[in-house]
Protein chains: 4
Amino acid sequence: MKPRPTELDAVANDAVRGRRTGGGGDRDLWRTALTQIEPNKILMRGYALDEIMGRLTFGEAIYLLLVGEIPSPSMGRLMEALLVSFIDHGATPPSTLAARNTATTGASLRACVAAGVLGFGRYHGGDIESCMQFLDAGLALVRQGTNLRQAATTIVQKCRDNGEVPPGFGHRFHTRDPRAARLFQMALELEIEAEHIQMIRAVEMVLHDHPDEHGRTLPVNIDGAIAALCGDLGIPPTIADALFIISRVPGIAAHADEERQRQQPMRQIDPKDHTYDGPSERRIPERRK
Amino acid sequence: MKPRPTELDAVANDAVRGRRTGGGGDRDLWRTALTQIEPNKILMRGYALDEIMGRLTFGEAIYLLLVGEIPSPSMGRLMEALLVSFIDHGATPPSTLAARNTATTGASLRACVAAGVLGFGRYHGGDIESCMQFLDAGLALVRQGTNLRQAATTIVQKCRDNGEVPPGFGHRFHTRDPRAARLFQMALELEIEAEHIQMIRAVEMVLHDHPDEHGRTLPVNIDGAIAALCGDLGIPPTIADALFIISRVPGIAAHADEERQRQQPMRQIDPKDHTYDGPSERRIPERRK
Amino acid sequence: MKPRPTELDAVANDAVRGRRTGGGGDRDLWRTALTQIEPNKILMRGYALDEIMGRLTFGEAIYLLLVGEIPSPSMGRLMEALLVSFIDHGATPPSTLAARNTATTGASLRACVAAGVLGFGRYHGGDIESCMQFLDAGLALVRQGTNLRQAATTIVQKCRDNGEVPPGFGHRFHTRDPRAARLFQMALELEIEAEHIQMIRAVEMVLHDHPDEHGRTLPVNIDGAIAALCGDLGIPPTIADALFIISRVPGIAAHADEERQRQQPMRQIDPKDHTYDGPSERRIPERRK
Amino acid sequence: MKPRPTELDAVANDAVRGRRTGGGGDRDLWRTALTQIEPNKILMRGYALDEIMGRLTFGEAIYLLLVGEIPSPSMGRLMEALLVSFIDHGATPPSTLAARNTATTGASLRACVAAGVLGFGRYHGGDIESCMQFLDAGLALVRQGTNLRQAATTIVQKCRDNGEVPPGFGHRFHTRDPRAARLFQMALELEIEAEHIQMIRAVEMVLHDHPDEHGRTLPVNIDGAIAALCGDLGIPPTIADALFIISRVPGIAAHADEERQRQQPMRQIDPKDHTYDGPSERRIPERRK
């Protein structure tokens, strides 16, 4: 982390006197390694965008942009699944309600999306770092010679001593988060599964075998599964944060659009009073599997 | 469009008196057709999310969520390309600069992304509707019997009479927007190309053959290409707006993250003083083509 | 309004080639007339900020910054009242709910405020321009010789012919908006009242004498009162828009803070299920009047 | 701080099954103590809004709403000065640049303001809590019997040992922040000055007498002055955070509006290349002092 700056709200004033930030009087150039723009050419991480179009999927391009390299086919498939997993969770997450409340005032779609994106605070998809630190604490014990089960037991106990639920666990509604289960299954099949996922599965078993004093068994949730998967994919926490946001933006946009298409403006939105009237459960056609 | 509400800033007060919005005293349920949440099951447009994971790409899932059906393979490929096309355009679009300026203050990634998303105003990827209306005006003439070239000439002339540039055309830097060209090429190859794309290609030729008084030939740009493609894919303007935002969010997130990783906090960001130091131009490996 | 730019998403690329925006190759300086920063000196519209502090109120300083001159004592008093009038309207306006939904996720206060600010769409405090145009249409008739009552009748009828409610009128809950009444009273006492307020009062009387077919008499609301007052104060619509936002930000911040102080995180916020438990009605002490 | 919730992204699902948040099956009402809405009556902290209008200034109403009581005349004057102090700081703070970059895309004023509000991260007006904690550490020593100067020396040394600048100190451009000086002067004159301000003045003297190894004397800045003043006014850190945002919103709005009025859309905004062309320095007329 960068050192705390020695001034607040003042660097920007340099323009008034023509002084350049960063000391000295030279014209330092700042650098970006993401995308280069040339006349009639756009190079993203070195690859021409019009060459990427049609050859990489959006999910693969996202990985390329954020991580810097084209993913292997296996990593690409997991990236797609990860991005699909968090794409929407119905009308009632607070972020989605913030977007719908913005939409009902007649605001533009981008205002609705921005409002929804802001609703990923500490308690809602914004805690990847805690989860990764939690798993890393267990992995540190493993590297020191503790077995996996014992390491998991130790880090769970530490949470309980602090009166906390382990980050990445728990879901009021789902007792088995289907998205987490599917990610783990794919990671196993694609031979990506490694120590982070193994650690979180071990924690899951410890919690299952030793419910807390309320008798709750806490399932691993999608935040935890994504944190573990990113750990094993070598994706740092800040990029994992970005993947959450990227994944959920289509859901937020869809709800904002639906609010404007189907509802009266300036309506009072009570999450308790809604129901689903979309398609019944259906299966993906065989030829797509 | 919905009728203008008869009250402002008041509907929300009904809660105080327990009166329900929408007249009558009944408990009306409001409806969503997007995603249904059941215990241990998440159904997006009727499909189980854990079944979609691993079988549809993120791009295909976005189409499914926003439009309501799984896209055909051809439409899916175009959707991926469309989403890739707008994913980033370097460090200097105003939306990206807004995100970087937010990042330099130490704000969270979601705050940076929200700030960037807000920078898609009327002049910057937010004018799909104008472009679609422009093309539809030309197509109305065609349906009345005018030939394509003449219809294009007419709608271009109308813009010129108003002192305006046709929406979807022009780029200060690119004389040929590679992203637009690629989208049109793929639409042709995948046999999606239809009247909207044909209309915009006709306008492109009229502009080419008859430069304005400044001698400028205006190329079709990515906004125009996406508008035309969405017209032919049957994607309404509001959903097309959403696709712009969804596409660019990874770019905004990548720049915000790079700003925080590489730069001092509270720096003065001069777009003129930057350069690219990422990978040199490289080609996608053959086995991916 | 500025002419539509001839390029989209490209101006920002000039930095790559070192070309300056705005034609020519010279280093043009862009200008601001708001605040000048010198070493140890901050001049807002020419006045030293530390001289303004303690001599002008926040409301007067807001006027000075937005309009460019120190307000007269009467205008200053009306500015304070205008800014107070919209400061909050309870927990259930959609913008406030967006802020509370953001707060419940653990997001920062500024994220909550930003989310709330976005909820001022077309239907919610964001329609000053329509109201000013409506009043100006009536005033144009008056300047042509029509009497006030007849002009008001004409513009009301035009709205009714379009199936619309006149902008600035109507409130589901209040049959007499106390904030509008108070603003008009103060404008009269301070001898600020002029043609815009007179026009909106005339419209109010026409609506009162001629209810619509539903038997509704529509009171003037705070949006309309502010629009009329700004018209008579010579404050342009864009600045009036700013005053709405400035006024409501404290309310949004207060609700976001209260949500975090009093409620559990990640709670489901049903506006219907809330009640007030603050101080009972009380009077401002005499010595402050 | 509230205990970490035991579920993530699930509470909101209760609506689907009709289960209420908070356990039990009863319809619990949630409570707000801020503003009560009755037909034709709006009570803010118990006071009728139309009674507050014209009797309290906007600054006093802000205090009432956020803190819960009408401020004394002295506290009211300090509140006005505090709110004026941070109202704007020119065109180049990152938050203001984020707002201008949003404005240049043609986005609405509220989008520009929201983007600017998001730019108050950890390093930019968002560090009140650190500063208050820093001062409280010193005050704890004083309560234990250490004299003021020694306590100040101790807490400064602790920062230096950590390689940090004391929070609330330092300004690249100003060697004496005129806003901080004025706040302290007013606090003294109005007999509000107490232990927090005394502590920060003591730290200021320690830093002045013992420059760091770079020879820098760090002046107290406006963030520090506001933090100290809020400490002595009994205003908690979260409310102090709100005051920063409330204060700066007019500045952000003014710059966004000026950007739209004076500049071409989609321009590249280089903070280095701007100059001031507003009024020359002028004095507030005598009759206002």
# chains A, B, ... in the order shown; residues from 1 in each chain; ligands from 1
$ residues_around --residues "Tyr47 of chain C" --least-positions-apart "4" --cutoff "8 Å" --atoms "only C-alpha atoms" --output "list in words"
Leu43, Glu51 and Ile52 of chain C; Glu281, Arg282, Arg283 and Ile284 of chain D
$ closest_atom_pairs --of "chain C" --to "chain A" --cutoff "6 Å" --atoms "only C-alpha atoms" --output "tab-separated table"
residue	atom	partner	partner_atom	distance
C:Pro94	CA	A:Asn101	CA	4.9
C:Ala98	CA	A:Ala98	CA	4.1
C:Asn101	CA	A:Pro94	CA	4.9
C:Thr102	CA	A:Gly119	CA	4.5
C:Thr105	CA	A:Gly121	CA	4.7
C:Gly106	CA	A:Gly121	CA	4.6
C:Ala107	CA	A:Gly121	CA	4.1
C:Ala111	CA	A:Leu118	CA	5.8
C:Ala115	CA	A:Ala115	CA	4.6
C:Leu118	CA	A:Ala111	CA	5.8
C:Gly119	CA	A:Thr102	CA	4.5
C:Gly121	CA	A:Ala107	CA	4.0
C:Arg122	CA	A:Gly106	CA	5.0
C:Tyr123	CA	A:Thr105	CA	5.2
C:His124	CA	A:Thr105	CA	5.7
C:Asp270	CA	A:Asp270	CA	4.9
$ write_last_selection --atoms "C-alpha atoms" --output "PDB file, in the first residue's frame"
ATOM      1  CA  PRO C  94     -37.158   6.858  -3.686  1.00  0.00           C
ATOM      2  CA  ALA C  98     -31.800   4.277  -2.528  1.00  0.00           C
ATOM      3  CA  ASN C 101     -30.426   0.491   0.703  1.00  0.00           C
ATOM      4  CA  THR C 102     -26.845   1.457  -0.042  1.00  0.00           C
ATOM      5  CA  THR C 105     -24.715  -2.950   2.655  1.00  0.00           C
ATOM      6  CA  GLY C 106     -22.041  -1.188   4.719  1.00  0.00           C
ATOM      7  CA  ALA C 107     -21.056   1.253   1.991  1.00  0.00           C
ATOM      8  CA  ALA C 111     -21.496   6.199  -1.636  1.00  0.00           C
ATOM      9  CA  ALA C 115     -26.744   6.909  -4.702  1.00  0.00           C
ATOM     10  CA  LEU C 118     -28.869   9.956  -8.509  1.00  0.00           C
ATOM     11  CA  GLY C 119     -32.496   9.459  -7.564  1.00  0.00           C
ATOM     12  CA  GLY C 121     -34.869  11.930 -12.084  1.00  0.00           C
ATOM     13  CA  ARG C 122     -37.360  13.578 -14.287  1.00  0.00           C
ATOM     14  CA  TYR C 123     -40.245  12.898 -11.905  1.00  0.00           C
ATOM     15  CA  HIS C 124     -38.648  13.893  -8.654  1.00  0.00           C
ATOM     16  CA  ASP C 270     -39.912  -2.035   3.331  1.00  0.00           C
TER      17      ASP C 270
END
$ select_by_dssp --residues "segment 8-135 of chain C" --states "helix (DSSP H, G or I)" --output "number ranges by chain"
C: 11-17, 49-52, 58-67, 73-85, 94-103, 109-118, 128-135
$ atom_distance --atom1 "atom CA of Phe86 of chain A" --atom2 "atom CA of Ala48 of chain B"
12.7 Å
$ residues_around --residues "segment 192-197 of chain D" --least-positions-apart "2" --cutoff "8 Å" --atoms "only C-alpha atoms" --output "VMD selection string"
chain D and resid 74 to 75 135 to 136 139 184 187 to 190 199 to 201 225 228 to 229 231 to 233
$ atom_distance --atom1 "atom CA of Thr175 of chain B" --atom2 "atom CA of Leu218 of chain B"
7.3 Å
$ atom_distance --atom1 "atom CA of Ala137 of chain D" --atom2 "atom CA of Ile155 of chain D"
7.2 Å
